[in-house]
Structure formats: C-alpha cells, structure tokens
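Next comes target_1.pdb, a file with PDB, N, CA and C atoms, pLDDT in the B column.
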```pdb
ATOM      1  N   MET P  21      11.451  32.313   7.756  1.00 58.00           N
ATOM      2  CA  MET P  21      11.645  30.970   7.241  1.00 58.00           C
ATOM      3  C   MET P  21      13.139  30.755   7.003  1.00 58.00           C
ATOM      4  N   ALA P  22      13.622  29.594   7.349  1.00 63.00           N
ATOM      5  CA  ALA P  22      15.048  29.301   7.221  1.00 63.00           C
ATOM      6  C   ALA P  22      15.416  29.087   5.754  1.00 63.00           C
ATOM      7  N   GLU P  23      16.590  29.585   5.411  1.00 74.00           N
ATOM      8  CA  GLU P  23      17.100  29.386   4.062  1.00 74.00           C
ATOM      9  C   GLU P  23      17.848  28.051   3.996  1.00 74.00           C
ATOM     10  N   HIS P  24      17.656  27.317   2.916  1.00 73.00           N
ATOM     11  CA  HIS P  24      18.315  26.027   2.730  1.00 73.00           C
ATOM     12  C   HIS P  24      19.173  26.071   1.476  1.00 73.00           C
ATOM     13  N   GLU P  25      20.357  25.502   1.580  1.00 81.00           N
ATOM     14  CA  GLU P  25      21.214  25.418   0.413  1.00 81.00           C
ATOM     15  C   GLU P  25      20.806  24.214  -0.428  1.00 81.00           C
ATOM     16  N   HIS P  26      20.882  24.381  -1.721  1.00 81.00           N
ATOM     17  CA  HIS P  26      20.504  23.301  -2.628  1.00 81.00           C
ATOM     18  C   HIS P  26      21.448  22.116  -2.449  1.00 81.00           C
ATOM     19  N   GLY P  27      20.865  20.909  -2.280  1.00 75.00           N
ATOM     20  CA  GLY P  27      21.652  19.694  -2.196  1.00 75.00           C
ATOM     21  C   GLY P  27      22.188  19.372  -0.818  1.00 75.00           C
ATOM     22  N   THR P  28      21.669  19.993   0.242  1.00 79.00           N
ATOM     23  CA  THR P  28      22.196  19.741   1.583  1.00 79.00           C
ATOM     24  C   THR P  28      21.255  18.914   2.442  1.00 79.00           C
ATOM     25  N   MET P  29      20.107  18.522   1.920  1.00 80.00           N
ATOM     26  CA  MET P  29      19.149  17.759   2.719  1.00 80.00           C
ATOM     27  C   MET P  29      19.651  16.334   2.941  1.00 80.00           C
ATOM     28  N   ASP P  30      19.447  15.823   4.148  1.00 85.00           N
ATOM     29  CA  ASP P  30      19.825  14.450   4.476  1.00 85.00           C
ATOM     30  C   ASP P  30      18.712  13.525   3.978  1.00 85.00           C
ATOM     31  N   ILE P  31      19.028  12.680   2.998  1.00 91.00           N
ATOM     32  CA  ILE P  31      17.995  11.852   2.376  1.00 91.00           C
ATOM     33  C   ILE P  31      18.150  10.381   2.721  1.00 91.00           C
ATOM     34  N   ARG P  32      18.940  10.047   3.744  1.00 94.00           N
ATOM     35  CA  ARG P  32      19.148   8.639   4.085  1.00 94.00           C
ATOM     36  C   ARG P  32      17.846   7.930   4.431  1.00 94.00           C
ATOM     37  N   ASP P  33      16.967   8.597   5.174  1.00 94.00           N
ATOM     38  CA  ASP P  33      15.681   7.982   5.514  1.00 94.00           C
ATOM     39  C   ASP P  33      14.836   7.737   4.267  1.00 94.00           C
ATOM     40  N   HIS P  34      14.857   8.681   3.356  1.00 94.00           N
ATOM     41  CA  HIS P  34      14.103   8.527   2.110  1.00 94.00           C
ATOM     42  C   HIS P  34      14.633   7.356   1.295  1.00 94.00           C
ATOM     43  N   GLU P  35      15.947   7.253   1.200  1.00 96.00           N
ATOM     44  CA  GLU P  35      16.548   6.157   0.438  1.00 96.00           C
ATOM     45  C   GLU P  35      16.241   4.812   1.077  1.00 96.00           C
ATOM     46  N   ARG P  36      16.284   4.748   2.421  1.00 96.00           N
ATOM     47  CA  ARG P  36      15.984   3.497   3.113  1.00 96.00           C
ATOM     48  C   ARG P  36      14.510   3.111   2.922  1.00 96.00           C
ATOM     49  N   THR P  37      13.617   4.089   2.978  1.00 96.00           N
ATOM     50  CA  THR P  37      12.194   3.823   2.757  1.00 96.00           C
ATOM     51  C   THR P  37      11.947   3.336   1.333  1.00 96.00           C
ATOM     52  N   PHE P  38      12.580   3.991   0.353  1.00 97.00           N
ATOM     53  CA  PHE P  38      12.405   3.581  -1.039  1.00 97.00           C
ATOM     54  C   PHE P  38      12.958   2.185  -1.274  1.00 97.00           C
ATOM     55  N   ALA P  39      14.099   1.871  -0.671  1.00 98.00           N
ATOM     56  CA  ALA P  39      14.674   0.531  -0.808  1.00 98.00           C
ATOM     57  C   ALA P  39      13.739  -0.511  -0.201  1.00 98.00           C
ATOM     58  N   GLY P  40      13.114  -0.190   0.921  1.00 97.00           N
ATOM     59  CA  GLY P  40      12.146  -1.099   1.523  1.00 97.00           C
ATOM     60  C   GLY P  40      10.935  -1.298   0.635  1.00 97.00           C
ATOM     61  N   PHE P  41      10.460  -0.227   0.007  1.00 98.00           N
ATOM     62  CA  PHE P  41       9.327  -0.315  -0.906  1.00 98.00           C
ATOM     63  C   PHE P  41       9.658  -1.188  -2.110  1.00 98.00           C
ATOM     64  N   VAL P  42      10.836  -0.993  -2.688  1.00 98.00           N
ATOM     65  CA  VAL P  42      11.252  -1.794  -3.841  1.00 98.00           C
ATOM     66  C   VAL P  42      11.359  -3.263  -3.440  1.00 98.00           C
ATOM     67  N   ASN P  43      11.901  -3.537  -2.268  1.00 98.00           N
ATOM     68  CA  ASN P  43      12.026  -4.902  -1.785  1.00 98.00           C
ATOM     69  C   ASN P  43      10.643  -5.528  -1.583  1.00 98.00           C
ATOM     70  N   PHE P  44       9.707  -4.768  -1.010  1.00 98.00           N
ATOM     71  CA  PHE P  44       8.343  -5.250  -0.804  1.00 98.00           C
ATOM     72  C   PHE P  44       7.667  -5.584  -2.130  1.00 98.00           C
ATOM     73  N   VAL P  45       7.804  -4.716  -3.115  1.00 98.00           N
ATOM     74  CA  VAL P  45       7.196  -4.952  -4.429  1.00 98.00           C
ATOM     75  C   VAL P  45       7.821  -6.178  -5.090  1.00 98.00           C
ATOM     76  N   LYS P  46       9.136  -6.314  -4.978  1.00 98.00           N
ATOM     77  CA  LYS P  46       9.822  -7.459  -5.576  1.00 98.00           C
ATOM     78  C   LYS P  46       9.305  -8.764  -4.982  1.00 98.00           C
ATOM     79  N   TRP P  47       9.269  -8.861  -3.648  1.00 98.00           N
ATOM     80  CA  TRP P  47       8.810 -10.093  -3.014  1.00 98.00           C
ATOM     81  C   TRP P  47       7.317 -10.321  -3.227  1.00 98.00           C
ATOM     82  N   GLY P  48       6.542  -9.251  -3.289  1.00 98.00           N
ATOM     83  CA  GLY P  48       5.116  -9.385  -3.595  1.00 98.00           C
ATOM     84  C   GLY P  48       4.906  -9.983  -4.979  1.00 98.00           C
ATOM     85  N   PHE P  49       5.678  -9.527  -5.954  1.00 98.00           N
ATOM     86  CA  PHE P  49       5.589 -10.067  -7.303  1.00 98.00           C
ATOM     87  C   PHE P  49       5.983 -11.535  -7.325  1.00 98.00           C
ATOM     88  N   ILE P  50       7.049 -11.880  -6.609  1.00 98.00           N
ATOM     89  CA  ILE P  50       7.502 -13.276  -6.570  1.00 98.00           C
ATOM     90  C   ILE P  50       6.429 -14.173  -5.962  1.00 98.00           C
ATOM     91  N   VAL P  51       5.798 -13.728  -4.881  1.00 98.00           N
ATOM     92  CA  VAL P  51       4.748 -14.522  -4.235  1.00 98.00           C
ATOM     93  C   VAL P  51       3.548 -14.691  -5.156  1.00 98.00           C
ATOM     94  N   VAL P  52       3.108 -13.613  -5.780  1.00 98.00           N
ATOM     95  CA  VAL P  52       1.959 -13.701  -6.691  1.00 98.00           C
ATOM     96  C   VAL P  52       2.284 -14.618  -7.865  1.00 98.00           C
ATOM     97  N   PHE P  53       3.477 -14.508  -8.417  1.00 98.00           N
ATOM     98  CA  PHE P  53       3.886 -15.352  -9.529  1.00 98.00           C
ATOM     99  C   PHE P  53       3.921 -16.823  -9.110  1.00 98.00           C
ATOM    100  N   ALA P  54       4.431 -17.108  -7.910  1.00 98.00           N
ATOM    101  CA  ALA P  54       4.481 -18.482  -7.407  1.00 98.00           C
ATOM    102  C   ALA P  54       3.064 -19.039  -7.206  1.00 98.00           C
ATOM    103  N   ILE P  55       2.169 -18.223  -6.703  1.00 97.00           N
ATOM    104  CA  ILE P  55       0.777 -18.668  -6.527  1.00 97.00           C
ATOM    105  C   ILE P  55       0.148 -18.977  -7.879  1.00 97.00           C
ATOM    106  N   LEU P  56       0.384 -18.132  -8.876  1.00 96.00           N
ATOM    107  CA  LEU P  56      -0.175 -18.388 -10.202  1.00 96.00           C
ATOM    108  C   LEU P  56       0.384 -19.671 -10.805  1.00 96.00           C
ATOM    109  N   ILE P  57       1.674 -19.933 -10.642  1.00 96.00           N
ATOM    110  CA  ILE P  57       2.269 -21.177 -11.128  1.00 96.00           C
ATOM    111  C   ILE P  57       1.633 -22.363 -10.415  1.00 96.00           C
ATOM    112  N   PHE P  58       1.493 -22.262  -9.087  1.00 96.00           N
ATOM    113  CA  PHE P  58       0.886 -23.351  -8.341  1.00 96.00           C
ATOM    114  C   PHE P  58      -0.544 -23.619  -8.797  1.00 96.00           C
ATOM    115  N   LEU P  59      -1.335 -22.575  -9.000  1.00 95.00           N
ATOM    116  CA  LEU P  59      -2.713 -22.750  -9.475  1.00 95.00           C
ATOM    117  C   LEU P  59      -2.756 -23.371 -10.860  1.00 95.00           C
ATOM    118  N   ALA P  60      -1.851 -22.962 -11.721  1.00 95.00           N
ATOM    119  CA  ALA P  60      -1.814 -23.517 -13.074  1.00 95.00           C
ATOM    120  C   ALA P  60      -1.469 -25.012 -13.036  1.00 95.00           C
ATOM    121  N   LEU P  61      -0.534 -25.400 -12.178  1.00 95.00           N
ATOM    122  CA  LEU P  61      -0.144 -26.805 -12.091  1.00 95.00           C
ATOM    123  C   LEU P  61      -1.196 -27.650 -11.381  1.00 95.00           C
ATOM    124  N   ALA P  62      -1.850 -27.089 -10.380  1.00 95.00           N
ATOM    125  CA  ALA P  62      -2.844 -27.839  -9.607  1.00 95.00           C
ATOM    126  C   ALA P  62      -4.105 -28.107 -10.435  1.00 95.00           C
ATOM    127  N   ASN P  63      -4.408 -27.256 -11.364  1.00 87.00           N
ATOM    128  CA  ASN P  63      -5.619 -27.423 -12.186  1.00 87.00           C
ATOM    129  C   ASN P  63      -5.333 -28.084 -13.517  1.00 87.00           C
ATOM    130  N   ALA P  64      -4.096 -28.502 -13.756  1.00 68.00           N
ATOM    131  CA  ALA P  64      -3.735 -29.097 -15.043  1.00 68.00           C
ATOM    132  C   ALA P  64      -4.239 -30.515 -15.168  1.00 68.00           C
TER
END
```
Would you mind giving the structure from this file in structure tokens?
Amino acid sequence: MAEHEHGTMDIRDHERTFAGFVNFVKWGFIVVFAILIFLALANA
C-alpha cells in the first residue's frame, strides 16, 4: 500500500462539489420560500 504524507491530497474536486451543494441548497431554500410567500398571498 502506498504511503501518503499528511496534507498532500488534492481536494479541489471536493471543494467544487461542496460549493455546488451549498449553492443548490441556497437556491432550493429561496425557491421554497418564494413558493410559500406566493401561497400565503394568493390565499389571503
């Protein structure tokens, strides 16, 4: 098994994936919040 030095792993793909996940959650929350506002106003 190959030996790895601590802190040498390339994590750019991980960071890009996590940034995409955070962006998806942010926009998902905004869409759900907008739908709830619209429903509240439409039924008022």
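Across the structure, atom C of Ala54 of chain P and atom C of Phe38 of chain P are spaced 24.2 Å apart.
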Can you tell me how far atom CA of Leu56 of chain P sits from atom C of Phe44 of chain P, in Å to one decimal? 17.0 Å
Those in chain P with helix (DSSP H, G or I) from DSSP, as number ranges by chain: P: 32-62
Between atom C of Phe58 of chain P and atom N of Val42 of chain P, what is the distance, to one decimal in Å? 26.1 Å
